[in-house]
file entry-v3.txt (compact mmCIF, C-alpha atoms (C1' of nucleotides))
# COMPACT_ATOMS: atom_id res chain seq x y z
CA MET A 23 -98.15 14.44 -46.23
CA ARG A 24 -94.79 12.80 -45.82
CA LEU A 25 -94.00 9.26 -46.79
CA THR A 26 -91.08 7.52 -45.07
CA THR A 27 -90.24 4.30 -43.28
CA ARG A 28 -91.77 5.84 -40.17
CA GLY A 29 -95.20 5.88 -41.74
CA ARG A 30 -94.59 2.43 -43.15
CA TYR A 31 -93.89 1.09 -39.68
CA ALA A 32 -97.08 2.65 -38.40
CA VAL A 33 -99.19 1.21 -41.21
CA THR A 34 -97.56 -2.18 -40.79
CA ALA A 35 -98.25 -2.19 -37.06
CA MET A 36 -101.84 -1.13 -37.58
CA LEU A 37 -102.27 -3.87 -40.15
CA ASP A 38 -100.97 -6.32 -37.59
CA LEU A 39 -103.62 -5.07 -35.18
CA ALA A 40 -106.31 -5.33 -37.83
CA ILE A 41 -105.33 -8.93 -38.57
CA HIS A 42 -104.85 -10.22 -35.03
CA GLY A 43 -107.09 -7.84 -33.13
CA ASP A 44 -110.00 -10.26 -33.01
CA LYS A 45 -108.18 -12.23 -30.32
CA GLY A 46 -108.41 -9.37 -27.84
CA PRO A 47 -105.82 -6.66 -27.17
CA ILE A 48 -102.41 -7.16 -28.80
CA SER A 49 -99.25 -6.31 -26.89
CA LEU A 50 -96.52 -4.27 -28.51
CA ALA A 51 -94.14 -7.13 -27.72
CA ASP A 52 -96.16 -9.36 -30.03
CA ILE A 53 -96.09 -6.81 -32.83
CA SER A 54 -92.40 -6.27 -32.25
CA ASP A 55 -91.76 -10.01 -32.68
CA ARG A 56 -93.95 -10.45 -35.71
CA GLN A 57 -93.01 -7.30 -37.60
CA GLU A 58 -89.43 -6.97 -36.40
CA ILE A 59 -89.82 -3.39 -35.22
CA SER A 60 -88.02 -2.41 -32.03
CA LEU A 61 -90.32 -2.32 -29.01
CA SER A 62 -89.35 1.15 -27.87
CA TYR A 63 -89.81 2.54 -31.34
CA LEU A 64 -93.26 1.02 -31.40
CA GLU A 65 -93.98 2.68 -28.08
CA GLN A 66 -93.15 6.06 -29.57
CA LEU A 67 -95.36 5.44 -32.58
CA PHE A 68 -98.25 4.14 -30.51
CA ALA A 69 -98.09 7.14 -28.21
CA LYS A 70 -98.99 9.24 -31.25
CA LEU A 71 -101.52 6.76 -32.58
CA ARG A 72 -103.21 6.86 -29.20
CA GLN A 73 -103.20 10.67 -29.11
CA GLN A 74 -105.04 10.64 -32.43
CA GLU A 75 -107.42 8.06 -31.01
CA LEU A 76 -106.66 5.51 -33.69
CA VAL A 77 -105.95 2.89 -31.04
CA SER A 78 -107.00 2.39 -27.45
CA SER A 79 -104.97 0.66 -24.78
CA VAL A 80 -105.64 -1.86 -22.07
CA ARG A 81 -103.12 -1.92 -19.25
CA GLY A 82 -101.98 -4.77 -17.11
CA PRO A 83 -101.30 -8.42 -17.90
CA GLY A 84 -103.14 -9.61 -20.97
CA GLY A 85 -103.48 -6.00 -22.01
CA GLY A 86 -102.30 -4.31 -25.16
CA TYR A 87 -103.72 -2.24 -27.97
CA ARG A 88 -106.75 -2.54 -30.15
CA LEU A 89 -108.10 -0.45 -32.99
CA SER A 90 -110.41 2.17 -31.56
CA ARG A 91 -112.55 2.03 -34.69
CA CYS A 92 -113.53 -0.67 -37.12
CA SER A 93 -110.80 -1.46 -39.64
CA ASP A 94 -113.02 -0.37 -42.51
CA ASP A 95 -113.25 3.03 -40.86
CA ILE A 96 -109.50 3.67 -40.58
CA ASN A 97 -107.64 4.87 -43.62
CA VAL A 98 -103.95 4.95 -44.44
CA ALA A 99 -103.71 8.74 -44.66
CA GLU A 100 -104.70 9.30 -41.04
CA ILE A 101 -102.23 6.69 -39.82
CA ILE A 102 -99.37 8.35 -41.65
CA ASP A 103 -100.46 11.80 -40.55
CA ALA A 104 -100.64 10.63 -36.95
CA VAL A 105 -96.97 9.67 -36.71
CA ASN A 106 -95.44 12.34 -38.97
CA GLU A 107 -95.31 15.97 -38.04
CA SER A 108 -97.18 17.60 -40.87
CA ILE A 109 -94.90 18.89 -43.58
CA ASP A 110 -94.14 22.60 -43.35
CA ALA A 111 -96.48 24.64 -45.50
CA THR A 112 -95.25 26.85 -48.31
CA SER A 113 -93.52 30.05 -47.26
CA CYS A 114 -96.13 32.31 -48.88
CA ASN A 115 -99.37 30.65 -47.80
CA GLY A 116 -101.98 33.16 -48.78
CA LYS A 117 -100.06 36.06 -47.26
CA GLY A 118 -99.26 37.32 -50.74
CA ASN A 119 -95.69 38.18 -49.84
CA CYS A 120 -94.33 36.86 -53.10
CA HIS A 121 -92.53 39.13 -55.56
CA LYS A 122 -94.27 38.12 -58.74
CA GLY A 123 -97.37 36.08 -59.43
CA ASP A 124 -95.05 33.33 -60.54
CA ILE A 125 -93.76 32.42 -57.13
CA CYS A 126 -96.98 31.26 -55.59
CA LEU A 127 -97.88 29.50 -58.79
CA THR A 128 -95.88 26.33 -58.38
CA HIS A 129 -96.37 26.47 -54.63
CA HIS A 130 -100.06 26.09 -55.20
CA LEU A 131 -99.48 23.41 -57.77
CA TRP A 132 -97.55 21.44 -55.19
CA GLY A 133 -100.32 22.02 -52.70
CA ASP A 134 -102.83 20.61 -55.17
CA LEU A 135 -100.71 17.55 -55.77
CA SER A 136 -100.25 17.06 -52.07
CA ARG A 137 -103.99 17.20 -51.57
CA GLN A 138 -104.54 14.69 -54.35
CA ILE A 139 -102.17 12.23 -52.73
CA HIS A 140 -103.85 12.73 -49.40
CA ARG A 141 -107.27 12.16 -50.86
CA PHE A 142 -106.04 9.01 -52.56
CA LEU A 143 -104.60 7.53 -49.37
CA SER A 144 -107.74 8.53 -47.48
CA GLY A 145 -109.59 6.16 -49.74
CA ILE A 146 -107.55 3.15 -48.71
CA THR A 147 -108.78 1.51 -45.54
CA LEU A 148 -106.98 -1.01 -43.36
CA ASP A 149 -109.78 -3.39 -44.07
CA SER A 150 -109.39 -3.15 -47.83
CA LEU A 151 -105.68 -3.90 -47.55
CA VAL A 152 -106.30 -6.97 -45.43
CA HIS A 153 -109.14 -8.07 -47.65
CA GLN A 154 -107.10 -7.65 -50.80
CA HIS A 155 -104.33 -9.74 -49.36
CA GLU A 156 -106.66 -12.52 -48.31
CA LEU A 157 -108.02 -12.75 -51.83
CA GLN A 158 -104.50 -13.02 -53.14
CA LEU A 159 -103.71 -15.84 -50.72
CA VAL A 160 -106.73 -17.83 -51.77
CA SER A 161 -105.88 -17.24 -55.38
CA LEU A 162 -102.32 -18.42 -54.91
CA GLN A 163 -103.52 -21.63 -53.32
CA GLN A 164 -105.78 -22.22 -56.28
CA GLY A 165 -103.15 -21.09 -58.76
CA GLY A 166 -105.52 -18.58 -60.26
CA GLN A 167 -105.37 -14.91 -61.10
CA VAL A 168 -106.34 -12.14 -58.71
CA ASP A 169 -109.15 -9.77 -59.56
CA PHE A 170 -107.91 -6.59 -57.91
CA SER A 171 -110.87 -4.53 -59.02
CA ALA A 172 -113.11 -6.52 -56.72
CA ALA A 173 -110.80 -6.30 -53.73
CA CYS A 174 -111.39 -2.62 -53.04
CA GLU A 175 -115.00 -1.72 -52.37
CA MET B 10 -91.37 5.62 -53.09
CA ARG B 11 -90.50 8.25 -50.57
CA LEU B 12 -92.22 11.58 -50.22
CA THR B 13 -90.32 14.45 -48.62
CA THR B 14 -89.47 18.09 -49.20
CA ARG B 15 -86.66 16.90 -51.44
CA GLY B 16 -89.12 15.43 -53.92
CA ARG B 17 -91.28 18.50 -53.58
CA TYR B 18 -88.38 20.71 -54.57
CA ALA B 19 -87.74 18.54 -57.59
CA VAL B 20 -91.37 18.62 -58.70
CA THR B 21 -91.55 22.36 -58.13
CA ALA B 22 -88.42 22.95 -60.19
CA MET B 23 -89.68 20.72 -62.99
CA LEU B 24 -92.98 22.59 -62.97
CA ASP B 25 -91.06 25.81 -63.31
CA LEU B 26 -89.34 24.34 -66.35
CA ALA B 27 -92.64 23.18 -67.80
CA ILE B 28 -94.13 26.64 -67.40
CA HIS B 29 -91.20 28.75 -68.60
CA GLY B 30 -89.48 26.27 -70.86
CA ASP B 31 -91.08 27.62 -74.02
CA LYS B 32 -88.72 30.62 -73.87
CA GLY B 33 -85.68 28.43 -74.42
CA PRO B 34 -83.42 26.89 -71.79
CA ILE B 35 -83.94 28.06 -68.20
CA SER B 36 -80.95 28.66 -65.92
CA LEU B 37 -80.90 27.27 -62.43
CA ALA B 38 -80.35 30.81 -61.19
CA ASP B 39 -83.77 31.76 -62.58
CA ILE B 40 -85.44 28.80 -60.90
CA SER B 41 -83.60 29.58 -57.70
CA ASP B 42 -84.95 33.15 -57.74
CA ARG B 43 -88.50 32.23 -58.62
CA GLN B 44 -88.90 29.20 -56.39
CA GLU B 45 -86.60 30.27 -53.57
CA ILE B 46 -84.53 27.12 -53.62
CA SER B 47 -80.80 27.47 -53.05
CA LEU B 48 -78.78 27.31 -56.24
CA SER B 49 -76.36 24.64 -55.02
CA TYR B 50 -79.18 22.45 -53.85
CA LEU B 51 -80.79 22.76 -57.24
CA GLU B 52 -77.50 21.73 -58.82
CA GLN B 53 -77.54 18.53 -56.80
CA LEU B 54 -81.12 17.77 -57.74
CA PHE B 55 -80.61 18.53 -61.42
CA ALA B 56 -77.54 16.32 -61.56
CA LYS B 57 -79.87 13.42 -60.70
CA LEU B 58 -82.65 14.61 -62.97
CA ARG B 59 -80.15 14.72 -65.81
CA GLN B 60 -78.85 11.23 -65.01
CA GLN B 61 -82.40 9.94 -65.35
CA GLU B 62 -82.70 11.91 -68.60
CA LEU B 63 -85.65 13.92 -67.41
CA VAL B 64 -83.90 17.15 -68.36
CA SER B 65 -81.16 18.08 -70.78
CA SER B 66 -78.72 20.94 -70.36
CA VAL B 67 -77.42 23.64 -72.66
CA ARG B 68 -74.12 25.13 -71.68
CA GLY B 69 -72.68 28.56 -72.27
CA PRO B 70 -74.26 32.01 -72.09
CA GLY B 71 -78.03 31.87 -72.46
CA GLY B 72 -77.86 28.21 -71.53
CA GLY B 73 -79.76 26.29 -68.90
CA TYR B 74 -82.03 23.30 -68.65
CA ARG B 75 -85.03 22.14 -70.59
CA LEU B 76 -87.33 19.15 -70.24
CA SER B 77 -85.95 16.30 -72.31
CA ARG B 78 -89.47 15.10 -73.04
CA CYS B 79 -92.80 16.77 -73.54
CA SER B 80 -94.45 17.82 -70.28
CA ASP B 81 -97.37 15.49 -70.93
CA ASP B 82 -94.90 12.62 -71.06
CA ILE B 83 -93.26 13.25 -67.68
CA ASN B 84 -95.02 12.06 -64.56
CA VAL B 85 -94.58 12.96 -60.93
CA ALA B 86 -93.51 9.49 -59.81
CA GLU B 87 -90.41 9.43 -61.98
CA ILE B 88 -89.36 12.88 -60.80
CA ILE B 89 -89.59 11.86 -57.16
CA ASP B 90 -87.85 8.55 -57.83
CA ALA B 91 -85.04 10.36 -59.63
CA VAL B 92 -84.01 12.44 -56.63
CA ASN B 93 -84.74 10.00 -53.81
CA GLU B 94 -82.76 6.86 -53.24
CA SER B 95 -85.38 4.17 -53.50
CA ILE B 96 -86.67 3.07 -50.14
CA ASP B 97 -85.03 -0.09 -48.78
CA ALA B 98 -87.02 -3.19 -49.63
CA THR B 99 -88.48 -5.44 -46.98
CA SER B 100 -86.02 -7.66 -45.16
CA CYS B 101 -87.57 -10.92 -46.36
CA ASN B 102 -88.14 -10.21 -50.03
CA GLY B 103 -89.11 -13.55 -51.43
CA LYS B 104 -86.24 -15.32 -49.75
CA GLY B 105 -88.70 -16.98 -47.40
CA ASN B 106 -86.50 -16.45 -44.38
CA CYS B 107 -89.38 -15.46 -42.18
CA HIS B 108 -90.29 -17.50 -39.11
CA LYS B 109 -94.01 -17.77 -39.59
CA GLY B 110 -96.26 -16.97 -42.49
CA ASP B 111 -97.33 -13.91 -40.59
CA ILE B 112 -94.14 -11.98 -41.00
CA CYS B 113 -94.15 -11.59 -44.72
CA LEU B 114 -97.87 -10.92 -44.65
CA THR B 115 -97.86 -7.28 -43.70
CA HIS B 116 -94.62 -6.73 -45.56
CA HIS B 117 -96.40 -7.68 -48.75
CA LEU B 118 -99.37 -5.59 -47.79
CA TRP B 119 -97.09 -2.61 -47.50
CA GLY B 120 -95.54 -3.48 -50.82
CA ASP B 121 -98.97 -3.50 -52.41
CA LEU B 122 -99.81 -0.12 -50.96
CA SER B 123 -96.49 1.26 -52.07
CA ARG B 124 -97.16 0.07 -55.59
CA GLN B 125 -100.61 1.63 -55.55
CA ILE B 126 -99.18 4.99 -54.56
CA HIS B 127 -96.57 4.73 -57.25
CA ARG B 128 -99.14 3.87 -59.87
CA PHE B 129 -101.24 6.80 -58.77
CA LEU B 130 -98.40 9.29 -59.03
CA SER B 131 -97.38 7.82 -62.37
CA GLY B 132 -100.73 8.95 -63.68
CA ILE B 133 -100.10 12.60 -62.87
CA THR B 134 -98.15 14.43 -65.57
CA LEU B 135 -96.43 17.79 -65.32
CA ASP B 136 -98.71 18.97 -68.06
CA SER B 137 -101.87 18.06 -66.19
CA LEU B 138 -100.67 19.97 -63.13
CA VAL B 139 -99.92 23.07 -65.17
CA HIS B 140 -103.17 22.76 -67.04
CA GLN B 141 -105.17 22.34 -63.88
CA HIS B 142 -103.64 25.46 -62.44
CA GLU B 143 -104.35 27.52 -65.54
CA LEU B 144 -108.00 26.55 -65.35
CA GLN B 145 -108.07 27.68 -61.75
CA LEU B 146 -106.54 31.05 -62.66
CA VAL B 147 -109.11 31.72 -65.35
CA SER B 148 -111.86 30.72 -62.98
CA LEU B 149 -110.59 33.06 -60.28
CA GLN B 150 -110.56 35.99 -62.69
CA GLN B 151 -114.15 35.24 -63.59
CA GLY B 152 -115.11 34.68 -59.97
CA GLY B 153 -116.49 31.28 -60.80
CA GLN B 154 -116.06 27.83 -59.34
CA VAL B 155 -113.45 25.36 -60.50
CA ASP B 156 -114.52 22.06 -61.96
CA PHE B 157 -111.67 19.84 -60.84
CA SER B 158 -113.09 16.74 -62.44
CA ALA B 159 -112.55 18.26 -65.84
CA ALA B 160 -109.02 19.45 -65.10
CA CYS B 161 -107.43 16.02 -65.08
CA GLU B 162 -107.95 14.03 -68.25
C1' DA C 27 -60.50 35.97 -74.20
C1' DT C 28 -64.12 36.46 -71.37
C1' DT C 29 -68.37 35.62 -69.60
C1' DT C 30 -71.87 32.62 -68.38
C1' DA C 31 -73.37 28.48 -66.78
C1' DC C 32 -73.03 23.70 -65.81
C1' DT C 33 -69.94 19.85 -63.25
C1' DT C 34 -67.91 17.75 -59.62
C1' DG C 35 -66.51 16.67 -55.16
C1' DA C 36 -65.64 17.55 -50.53
C1' DC C 37 -67.40 19.35 -46.68
C1' DT C 38 -70.72 20.99 -42.82
C1' DA C 39 -74.72 21.97 -39.87
C1' DA C 40 -79.13 20.87 -38.61
C1' DA C 41 -82.98 18.02 -38.42
C1' DA C 42 -85.31 13.72 -38.46
C1' DA C 43 -85.36 8.83 -37.97
C1' DA C 44 -84.32 4.98 -35.44
C1' DG C 45 -83.00 2.80 -31.55
C1' DT C 46 -81.62 2.38 -26.35
C1' DA C 47 -82.12 2.56 -21.43
C1' DG C 48 -84.35 2.90 -17.33
C1' DG C 49 -87.83 3.90 -14.92
C1' DT C 50 -93.31 4.51 -13.31
C1' DT C 51 -97.83 3.13 -13.17
C1' DT C 52 -101.85 -0.02 -13.72
C1' DT C 53 -103.96 -4.35 -13.63
C1' DT C 54 -104.37 -9.20 -13.13
C1' DG C 55 -103.91 -13.61 -10.95
C1' DC C 56 -102.03 -16.19 -7.28
C1' DG D 27 -100.73 -8.29 -0.48
C1' DC D 28 -97.37 -9.54 -4.03
C1' DA D 29 -95.33 -10.53 -8.31
C1' DA D 30 -95.60 -10.33 -13.00
C1' DA D 31 -97.12 -8.29 -17.34
C1' DA D 32 -98.17 -4.84 -19.74
C1' DA D 33 -98.73 0.13 -20.92
C1' DC D 34 -96.66 4.51 -20.23
C1' DC D 35 -93.09 8.03 -19.80
C1' DT D 36 -88.61 10.50 -20.18
C1' DA D 37 -84.21 11.24 -21.58
C1' DC D 38 -80.51 9.99 -24.24
C1' DT D 39 -77.54 8.21 -28.31
C1' DT D 40 -76.56 6.98 -32.88
C1' DT D 41 -77.29 7.06 -37.63
C1' DT D 42 -79.14 8.85 -41.74
C1' DT D 43 -81.02 12.34 -44.49
C1' DT D 44 -81.68 16.98 -45.71
C1' DA D 45 -80.17 21.20 -46.95
C1' DG D 46 -76.75 24.00 -47.87
C1' DT D 47 -71.75 25.86 -48.68
C1' DC D 48 -67.40 26.21 -50.95
C1' DA D 49 -64.10 25.76 -54.37
C1' DA D 50 -61.92 24.37 -58.37
C1' DG D 51 -62.95 22.97 -62.39
C1' DT D 52 -65.06 22.30 -67.74
C1' DA D 53 -67.64 23.71 -71.80
C1' DA D 54 -69.81 26.80 -74.93
C1' DA D 55 -71.02 31.22 -76.97
C1' DT D 56 -70.11 35.94 -77.90
call {"tool": "encode", "arguments": {"input": "entry-v3.txt", "output": "structure tokens"}}
result
Amino acid sequence: MRLTTRGRYAVTAMLDLAIHGDKGPISLADISDRQEISLSYLEQLFAKLRQQELVSSVRGPGGGYRLSRCSDDINVAEIIDAVNESIDATSCNGKGNCHKGDICLTHHLWGDLSRQIHRFLSGITLDSLVHQHELQLVSLQQGGQVDFSAACE
Amino acid sequence: MRLTTRGRYAVTAMLDLAIHGDKGPISLADISDRQEISLSYLEQLFAKLRQQELVSSVRGPGGGYRLSRCSDDINVAEIIDAVNESIDATSCNGKGNCHKGDICLTHHLWGDLSRQIHRFLSGITLDSLVHQHELQLVSLQQGGQVDFSAACE
DNA sequence: ATTTACTTGACTAAAAAAGTAGGTTTTTGC
DNA sequence: GCAAAAACCTACTTTTTTAGTCAAGTAAAT
């Protein structure tokens, strides 16, 4: 699990799809305009998103991309994983080639933490992000407070 | 909030301190040996950790580093933030220089997500990681299953 | 005084991120 | 059939970050 601007771009683009996808396929040019991400960079990202079957494409005029699953069935972790090569595992992964017991100790601790983060991000769906934002918008218009607890599930 | 091997090194090193710190200050050379991180790289990381007052140093023979606070008062988020330059903010941060309402939309969504991740990592202390691992060790020796739910808070 | 260990800064190589360029297919509508 | 719009593909360049090296210090304890 790696967290950089690359993953942020991917999540942002997927959010754009989730928001505008109801109007049929969305072209990368549209996303590029709206989100200010270079078209060719988007192409690279979407090649990977397509490989992982997070999006499907429609070619030709009027074509573009759409989410291949419902937005409440796509979570943030899989988007980030799709565009980032998975982080290199610890050097002594189960092989037991560590001098003392101490070495693997913190390696495993890091692994645990990594898994916790992954599990956390797996619980956040595109849909919940969009939904949460909509609630905020409404609230702003009414000048009220946002109840975040209700926004997620 | 950025998540790379750099932050992982920092967390690993801090965990090493948390585990061995009871025997007085720990030298970077020790950490380097145990965790297989190059000494000079550790020096860079610890310079930043010291700036953020996460560790304090003791010079001279027998010297080294120790946690400047109790391990249950140091969380993972601040360790990662200490060694990573904070990720560049969105281009239109409140200035309202975005063409349509749409542009800032996903930017804010990403900001929300980013904050959620940060909040999550803020809740994980060094102590809880060490503690969790100790429980696992005991369990392995007894051949039993680990109750993760009990390990954290 | 000497050893040990941290401090600082400059430097380098390699990898990843980000962006560019130019082309090829596929599909649609005229 | 043809032109345009879009995905798709490949190779390349630039910039930034990561990871590490080197060297000349400074400070503290024995």
call {"tool": "interface_residues", "arguments": {"input": "entry-v3.txt", "of": "chain D", "to": "chain B", "cutoff": "10 Å", "atoms": "only C-alpha atoms (C1' of nucleotides)", "output": "PDB file with C-alpha atoms (C1' of nucleotides), keeping the file's coordinate frame"}}
result
ATOM      1  C1'  DT D  44     -81.680  16.980 -45.710  1.00  0.00           C
ATOM      2  C1'  DA D  45     -80.170  21.200 -46.950  1.00  0.00           C
ATOM      3  C1'  DG D  46     -76.750  24.000 -47.870  1.00  0.00           C
ATOM      4  C1'  DT D  47     -71.750  25.860 -48.680  1.00  0.00           C
ATOM      5  C1'  DC D  48     -67.400  26.210 -50.950  1.00  0.00           C
ATOM      6  C1'  DA D  53     -67.640  23.710 -71.800  1.00  0.00           C
ATOM      7  C1'  DA D  54     -69.810  26.800 -74.930  1.00  0.00           C
ATOM      8  C1'  DA D  55     -71.020  31.220 -76.970  1.00  0.00           C
ATOM      9  C1'  DT D  56     -70.110  35.940 -77.900  1.00  0.00           C
TER      10       DT D  56
END
call {"tool": "closest_atom_pairs", "arguments": {"input": "entry-v3.txt", "of": "chain C", "to": "chain B", "cutoff": "7 Å", "atoms": "all atoms listed in the file", "output": "CSV"}}
result
residue,atom,partner,partner_atom,distance
C:DT30,C1',B:Pro70,CA,4.5
C:DA31,C1',B:Gly69,CA,5.5
C:DC32,C1',B:Arg68,CA,6.1
call {"tool": "closest_atom_pairs", "arguments": {"input": "entry-v3.txt", "of": "chain B", "to": "chain A", "cutoff": "7 Å", "atoms": "only C-alpha atoms", "output": "CSV"}}
result
residue,atom,partner,partner_atom,distance
B:Arg11,CA,A:Leu25,CA,5.2
B:Leu12,CA,A:Leu25,CA,4.5
B:Thr13,CA,A:Arg24,CA,5.5
B:Thr21,CA,A:Thr128,CA,5.9
B:Leu24,CA,A:Thr128,CA,6.6
B:Asp25,CA,A:Thr128,CA,6.9
B:Arg43,CA,A:Ile125,CA,5.5
B:Gln44,CA,A:Ile125,CA,5.9
B:Asp111,CA,A:Arg56,CA,6.9
B:Ile112,CA,A:Arg56,CA,5.5
B:Thr115,CA,A:Thr34,CA,5.9
B:Leu118,CA,A:Leu151,CA,6.5
B:Trp119,CA,A:Thr34,CA,6.7
B:Leu138,CA,A:Leu131,CA,6.5
B:His142,CA,A:Leu131,CA,6.6
call {"tool": "atom_distance", "arguments": {"input": "entry-v3.txt", "atom1": "atom CA of Thr134 of chain B", "atom2": "atom CA of Leu54 of chain B"}}
result
19.0 Å
call {"tool": "closest_residue", "arguments": {"input": "entry-v3.txt", "among": "C:DA41, C:DT54, C:DG49, C:DA36", "to": "DA50 of chain D", "atoms": "all atoms listed in the file"}}
result
C:DA36
call {"tool": "closest_residue", "arguments": {"input": "entry-v3.txt", "among": "C:DA43, C:DT34, C:DG48, C:DC56", "to": "DT40 of chain D", "atoms": "all atoms listed in the file"}}
result
C:DA43
call {"tool": "axis_aligned_box", "arguments": {"input": "entry-v3.txt", "around": "segment 38-45 of chain C", "padding_each_side": "3 Å", "output": "lines of an AutoDock Vina configuration file"}}
result
center_x = -78.0
center_y = 12.4
center_z = -37.2
size_x = 20.6
size_y = 25.2
size_z = 17.3
call {"tool": "closest_residue", "arguments": {"input": "entry-v3.txt", "among": "A:Ala104, A:Val160, A:Leu89, A:Leu39", "to": "Leu71 of chain A", "atoms": "only C-alpha atoms"}}
result
A:Ala104
call {"tool": "atom_distance", "arguments": {"input": "entry-v3.txt", "atom1": "atom CA of Arg124 of chain B", "atom2": "atom CA of Asp90 of chain B"}}
result
12.8 Å
call {"tool": "atom_distance", "arguments": {"input": "entry-v3.txt", "atom1": "atom CA of Gly43 of chain A", "atom2": "atom CA of Gln73 of chain A"}}
result
19.3 Å
